[in-house]
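**Q** File work.txt follows (compact mmCIF, C-alpha atoms):
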# COMPACT_ATOMS: atom_id res chain seq x y z
CA MET A 1 1.83 -3.77 4.80
CA LYS A 2 -1.33 -5.44 3.52
CA PHE A 3 -1.92 -9.18 3.65
CA ILE A 4 -4.41 -10.78 1.28
CA ASP A 5 -6.31 -13.82 2.59
CA TRP A 6 -6.29 -15.33 -0.90
CA PHE A 7 -8.93 -18.04 -0.41
CA ALA A 8 -10.87 -16.11 2.28
CA ASP A 9 -10.39 -18.98 4.73
CA GLY A 10 -7.08 -18.20 6.45
CA SER A 11 -5.21 -20.97 4.61
CA VAL A 12 -2.81 -18.82 2.54
CA TYR A 13 -1.95 -15.16 2.84
CA VAL A 14 -0.23 -13.18 0.10
CA VAL A 15 1.84 -10.01 0.20
CA ASP A 16 2.42 -8.44 -3.20
CA LEU A 17 5.34 -6.09 -3.68
CA ALA A 18 3.79 -4.70 -6.84
CA LEU A 19 6.61 -2.70 -8.36
CA ALA A 20 5.53 -2.19 -11.96
CA CYS A 21 3.23 -3.49 -14.68
CA CYS A 22 3.24 -7.10 -13.40
CA GLY A 23 1.75 -5.69 -10.22
CA VAL A 24 -1.34 -4.87 -12.23
CA GLU A 25 -1.41 -8.46 -13.49
CA SER A 26 -1.02 -9.97 -10.01
CA GLY A 27 -3.69 -7.59 -8.70
CA ALA A 28 -6.06 -8.80 -11.41
CA ALA A 29 -5.63 -12.36 -10.14
CA VAL A 30 -6.82 -11.58 -6.60
CA PRO A 31 -10.23 -13.16 -5.99
CA ALA A 32 -13.00 -10.61 -5.50
CA ASN A 33 -13.92 -12.05 -2.09
CA ALA A 34 -10.34 -12.08 -0.70
CA PRO A 35 -10.21 -9.96 2.44
CA VAL A 36 -7.23 -7.71 3.06
CA CYS A 37 -5.87 -7.33 6.58
CA GLU A 38 -3.08 -5.52 8.41
CA GLU A 39 -1.82 -8.55 10.34
CA ILE A 40 -1.92 -12.32 9.99
CA PRO A 41 -1.95 -15.06 12.60
CA ASP A 42 1.37 -16.68 13.43
CA GLY A 43 2.23 -19.88 11.60
CA VAL A 44 -0.02 -19.47 8.57
CA PRO A 45 1.56 -19.81 5.13
CA LEU A 46 2.61 -16.49 3.67
CA VAL A 47 3.51 -16.11 0.01
CA LEU A 48 5.47 -13.03 -0.98
CA LEU A 49 5.09 -11.96 -4.60
CA VAL A 50 7.65 -9.63 -6.08
CA SER A 51 5.94 -8.49 -9.23
CA GLY A 52 7.57 -6.07 -11.59
CA THR A 53 10.81 -4.29 -12.28
CA VAL A 54 13.28 -4.02 -9.41
CA THR A 55 15.22 -0.79 -9.78
CA THR A 56 18.55 -0.07 -8.14
CA VAL A 57 16.81 2.45 -5.88
CA LEU A 58 14.17 -0.07 -4.76
CA ALA A 59 16.54 -3.05 -4.45
CA PRO A 60 17.50 -2.41 -0.79
CA VAL A 61 13.84 -1.88 0.15
CA VAL A 62 12.84 -5.14 -1.54
CA ARG A 63 15.68 -7.03 0.17
CA ASP A 64 14.89 -5.56 3.60
CA THR A 65 11.16 -6.26 3.24
CA VAL A 66 11.79 -9.87 2.23
CA ASN A 67 14.23 -10.36 5.13
CA GLU A 68 11.80 -8.80 7.61
CA LEU A 69 8.94 -11.03 6.48
CA ARG A 70 11.14 -14.14 6.57
CA ARG A 71 12.19 -13.35 10.15
CA ASN A 72 8.60 -13.07 11.34
CA HIS A 73 6.61 -15.50 9.18
CA LEU A 74 6.78 -18.80 7.36
CA ILE A 75 7.21 -17.53 3.84
CA GLY A 76 7.53 -18.65 0.26
CA GLY A 77 8.93 -16.18 -2.23
CA VAL A 78 7.70 -15.83 -5.80
CA ALA A 79 9.34 -13.85 -8.59
CA PHE A 80 6.33 -12.93 -10.72
CA GLY A 81 7.11 -11.77 -14.24
CA ALA A 82 10.17 -11.52 -16.43
CA CYS A 83 11.49 -8.42 -14.65
CA ALA A 84 11.42 -9.96 -11.16
CA CYS A 85 12.91 -13.17 -12.54
CA ALA A 86 15.73 -11.76 -14.65
CA GLY A 87 15.29 -8.04 -15.31
CA GLY A 88 12.94 -8.55 -18.26
CA PRO A 89 13.44 -6.32 -21.27
CA TYR A 90 15.23 -3.80 -19.04
CA TRP A 91 17.95 -6.13 -17.68
CA ASP A 92 20.78 -4.06 -19.18
CA SER A 93 19.48 -0.65 -18.10
CA ALA A 94 21.60 1.22 -15.58
CA GLY A 95 18.70 1.72 -13.18
CA VAL A 96 17.38 -1.86 -13.22
CA VAL A 97 18.73 -4.97 -11.51
CA ALA A 98 18.65 -8.28 -13.35
CA GLY A 99 15.96 -9.82 -11.17
CA LEU A 100 15.79 -10.94 -7.57
CA PRO A 101 19.11 -12.85 -7.62
CA ASP A 102 20.94 -9.55 -8.15
CA VAL A 103 19.22 -8.15 -5.06
CA GLY A 104 20.38 -11.09 -2.96
CA VAL A 105 16.87 -12.51 -2.65
CA ASP A 106 16.20 -16.18 -3.29
CA ALA A 107 12.78 -16.97 -4.69
CA ASP A 108 11.23 -20.35 -4.12
CA HIS A 109 9.22 -20.12 -7.33
CA TRP A 110 9.70 -18.35 -10.63
CA ILE A 111 6.78 -17.37 -12.82
CA PRO A 112 8.27 -15.78 -15.94
CA GLY A 113 6.41 -14.00 -18.68
CA CYS A 114 5.64 -10.53 -19.88
CA PRO A 115 2.97 -10.62 -18.66
CA PRO A 116 3.04 -13.91 -16.73
CA GLU A 117 0.15 -16.34 -16.89
CA LEU A 118 -2.34 -15.69 -14.10
CA ASP A 119 -3.22 -19.39 -14.05
CA ALA A 120 0.39 -20.13 -13.06
CA LEU A 121 0.01 -17.88 -10.00
CA THR A 122 -3.34 -19.36 -9.08
CA GLY A 123 -1.97 -22.89 -9.48
CA LEU A 124 1.01 -22.11 -7.27
CA LEU A 125 -1.23 -20.71 -4.54
CA VAL A 126 -3.54 -23.73 -4.71
CA SER A 127 -0.52 -26.02 -4.31
CA SER A 128 0.73 -23.89 -1.37
CA ARG A 129 -2.66 -24.27 0.26
CA GLU A 130 -2.64 -28.05 -0.22
CA ALA A 131 0.91 -28.38 1.14
CA ALA A 132 0.06 -26.50 4.35
Have the structure of the file written as structure tokens, please.

**A**
Amino acid sequence: MKFIDWFADGSVYVVDLALACCGVESGAAVPANAPVCEEIPDGVPLVLLVSGTVTTVLAPVVRDTVNELRRNHLIGGVAFGACACAGGPYWDSAGVVAGLPDVGVDADHWIPGCPPELDALTGLLVSSREAA
């Protein structure tokens, strides 16, 4: 798993479960100077983005990954994009779950949109940094 030091100062780390097209959007928001690392120090704020369509096949993997990260780190969860929030345009497809609630994952923040506004993600991360 890769952790992004979003502000390149150790104040907020981000893990992006980039599942579909919103993963491209969230990747575009990453600052050019943000280092990526394999591990993070204990106790630093960790924001988990779930960006994109959650399929029925991926749902258990998403749930297990979120639960593992919550056991080991202080974490805030973000549903990034219409699909992660509520299934997006695919909500009634047999192979797609209707967002994180249907996976049994509670998000702390919801950033809807198709695609979502990158400024909303940046603003959320700035506020996470200030709250820490």

**Q** For Asp42 in chain A, which residue among A:Val97, A:Ile75, A:Cys83, A:Cys114 is the nearest when counting all atoms listed in the file?

**A**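 Closest residue, counting all atoms listed in the file: A:Ile75.
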
**Q** Taking all atoms listed in the file into account, which of A:Asp119, A:Asp16, A:Glu130, A:Asp5 comes nearest Gly52 in chain A?

**A**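 Looking at the shortest contact to Gly52 in chain A, the residue is A:Asp16.
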
**Q** Write out as a list in words which residues come within 9 Å of Glu39 in chain A when counting all atoms listed in the file, dropping same-chain ones fewer than 5 positions away.

**A**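 Result of the neighbour search: Met1, Lys2 and Phe3 of chain A.
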
**Q** Write out as a ChimeraX atom specification the residues lying within 12 Å of Val61 in chain A, counting only C-alpha atoms and excluding same-chain residues fewer than 4 positions away.

**A** /A:17,19,50,54-57,65-68,103-105

**Q** Within 10 Å of Thr53 in chain A, counting only C-alpha atoms, which residues qualify if same-chain residues fewer than 3 places away don't, as a ChimeraX atom specification?

**A** /A:18-23,50,56,58-59,80-91,95-100

**Q** Tell me, in Å to one decimal, how far CA of Glu38 in chain A is from CA of Ser51 in chain A.

**A**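 Answer for the CA of Glu38 in chain A to CA of Ser51 in chain A separation: 20.0 Å.
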
**Q** Between A:His73, A:Tyr13, A:Ala29, A:Trp6, single out the one closest to Leu121 in chain A, counting all atoms listed in the file.

**A**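 Between A:His73, A:Tyr13, A:Ala29, A:Trp6, the residue approaching Leu121 in chain A most closely is A:Ala29.
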
**Q** I need the residue nearest His109 in chain A from this list: A:Leu74, A:Val47, A:Val126, A:Ala131. Use only C-alpha atoms for the distance.

**A** A:Val47
